[in-house]
Amino acid sequence: MRLDRTAGALRSPITFSVLAGVLIGALFLVGTGADPIAAYEAVLTGALGADGIGSTLTTGTSVLGMALALAIPLRAGLINLGGDGQLVLGGITAAVTGLYSPLPAPLTVVLALLAGMAAGAAYAVLAALCENHLGVPLLVSSLLLSYPAVSLASYLARYPLKEPGSSLPQTRALPDGVALPAFGESTVTVGLVLVVLAAAAYWFTDRRTAIGYEIRMTGLNARFSAYAGVERRALTLKLLSVSGALAGLVGAIGVLSFPYRFVDGSLTAPGYTWTGLTAALLAAAAPLGTLIASFFFAVLQVGGLAMERTTEVPRELTQVLQAIVIVFLAARLRFPGRWFNRRKEAV
């Protein structure tokens, strides 16, 4: 029984892809003359140690939020590549709300979060409408709509909302108190709690509700779900609105956290959208798997910096690991499963 469980876990494409990525990464390290054990130890220590866990959780907040935003439509076979645009619009909307809201600081924070979510949702729905009524594939419409959104936010940060006297393309700082509460002296904020709650809501919807079943069924077989009465156009609008709202929430969290302003490029430069998409693909958009995969990639991002500092191994190796994992996952190699099947027959 125990051997069967172990064999089943190792036959999983996800497990095999991660192990293959780690192994090939070790071979790359050996080829460059580095010690793979020391490098991987530096990654784990730098990301999960006392000095790095805060950065990992802060990075994980954005990665998990974007992974959820992209996993929800992906569960139904819909690919939203407009995460950057929805993320940035959510951030700049939250900044404008925070700067000009006449409400007390706590209410302004809530309003900024809601405004960011609304902006992201509205922009994602625009991409869905392009597919439903104009015949533009969602893959194309969502991606292309990102560019004007990012450009608009950049213009606002550089000109109308720019901080006077600053050489950086950033808005004015938010008023005192207009910020998400942080845990102690760390950079981890209540935003982490919000995205974890979103992950819990996603799990409950996916496993315990009728619409969750419809989403999974559409992802497995869109034609069958249409015969069963699932209206694809309406489902696309619903899923894209939720996806955009989560992306906008991540942007708002980024603005309401340090440095408490919108900085042009700060939300897109770390690549949260593409890392989140990678996590969603690795987990096949499953709720729990998306949570675990997001934490895994957050560890790689933060640990890669520590690895570069302590071992002089470039942090780009962690990006290579991510790419290898996805390549093997896409290939769906099953060699471990065949090996274990032969092993069981021999036993």
# chains A, B, ... in the order shown; residues from 1 in each chain; ligands from 1
>>> select_by_dssp(residues="region 57-270 of chain A", states="helix (DSSP H, G or I)", output="number ranges by chain")
A: 57-74, 83-100, 105-134, 138-158, 191-208, 210-220, 222-227, 232-255
>>> residues_around(residues="Thr56 (chain A)", least_positions_apart="4", cutoff="10 Å", atoms="only C-alpha atoms", output="MDAnalysis selection string")
chainID A and resid 46:49 51:52 60:61 188 295:303
>>> atom_distance(atom1="CA of Leu99 (chain A)", atom2="CA of Gly184 (chain A)")
25.3 Å
>>> atom_distance(atom1="CA of Arg233 (chain A)", atom2="CA of Asn132 (chain A)")
6.0 Å
>>> residues_around(residues="Phe262 (chain A)", least_positions_apart="6", cutoff="12 Å", atoms="only C-alpha atoms", output="MDAnalysis selection string")
chainID A and resid 87:99 153:158 161:163 168:174 251:256 268
>>> atom_distance(atom1="CA of Ala247 (chain A)", atom2="CA of Gln86 (chain A)")
5.7 Å
>>> residues_around(residues="region 193-203 of chain A", least_positions_apart="3", cutoff="10 Å", atoms="only C-alpha atoms", output="ChimeraX atom specification")
/A:60-69,71-72,188-190,206-209,212,246,249-250,253,286-288,290-291
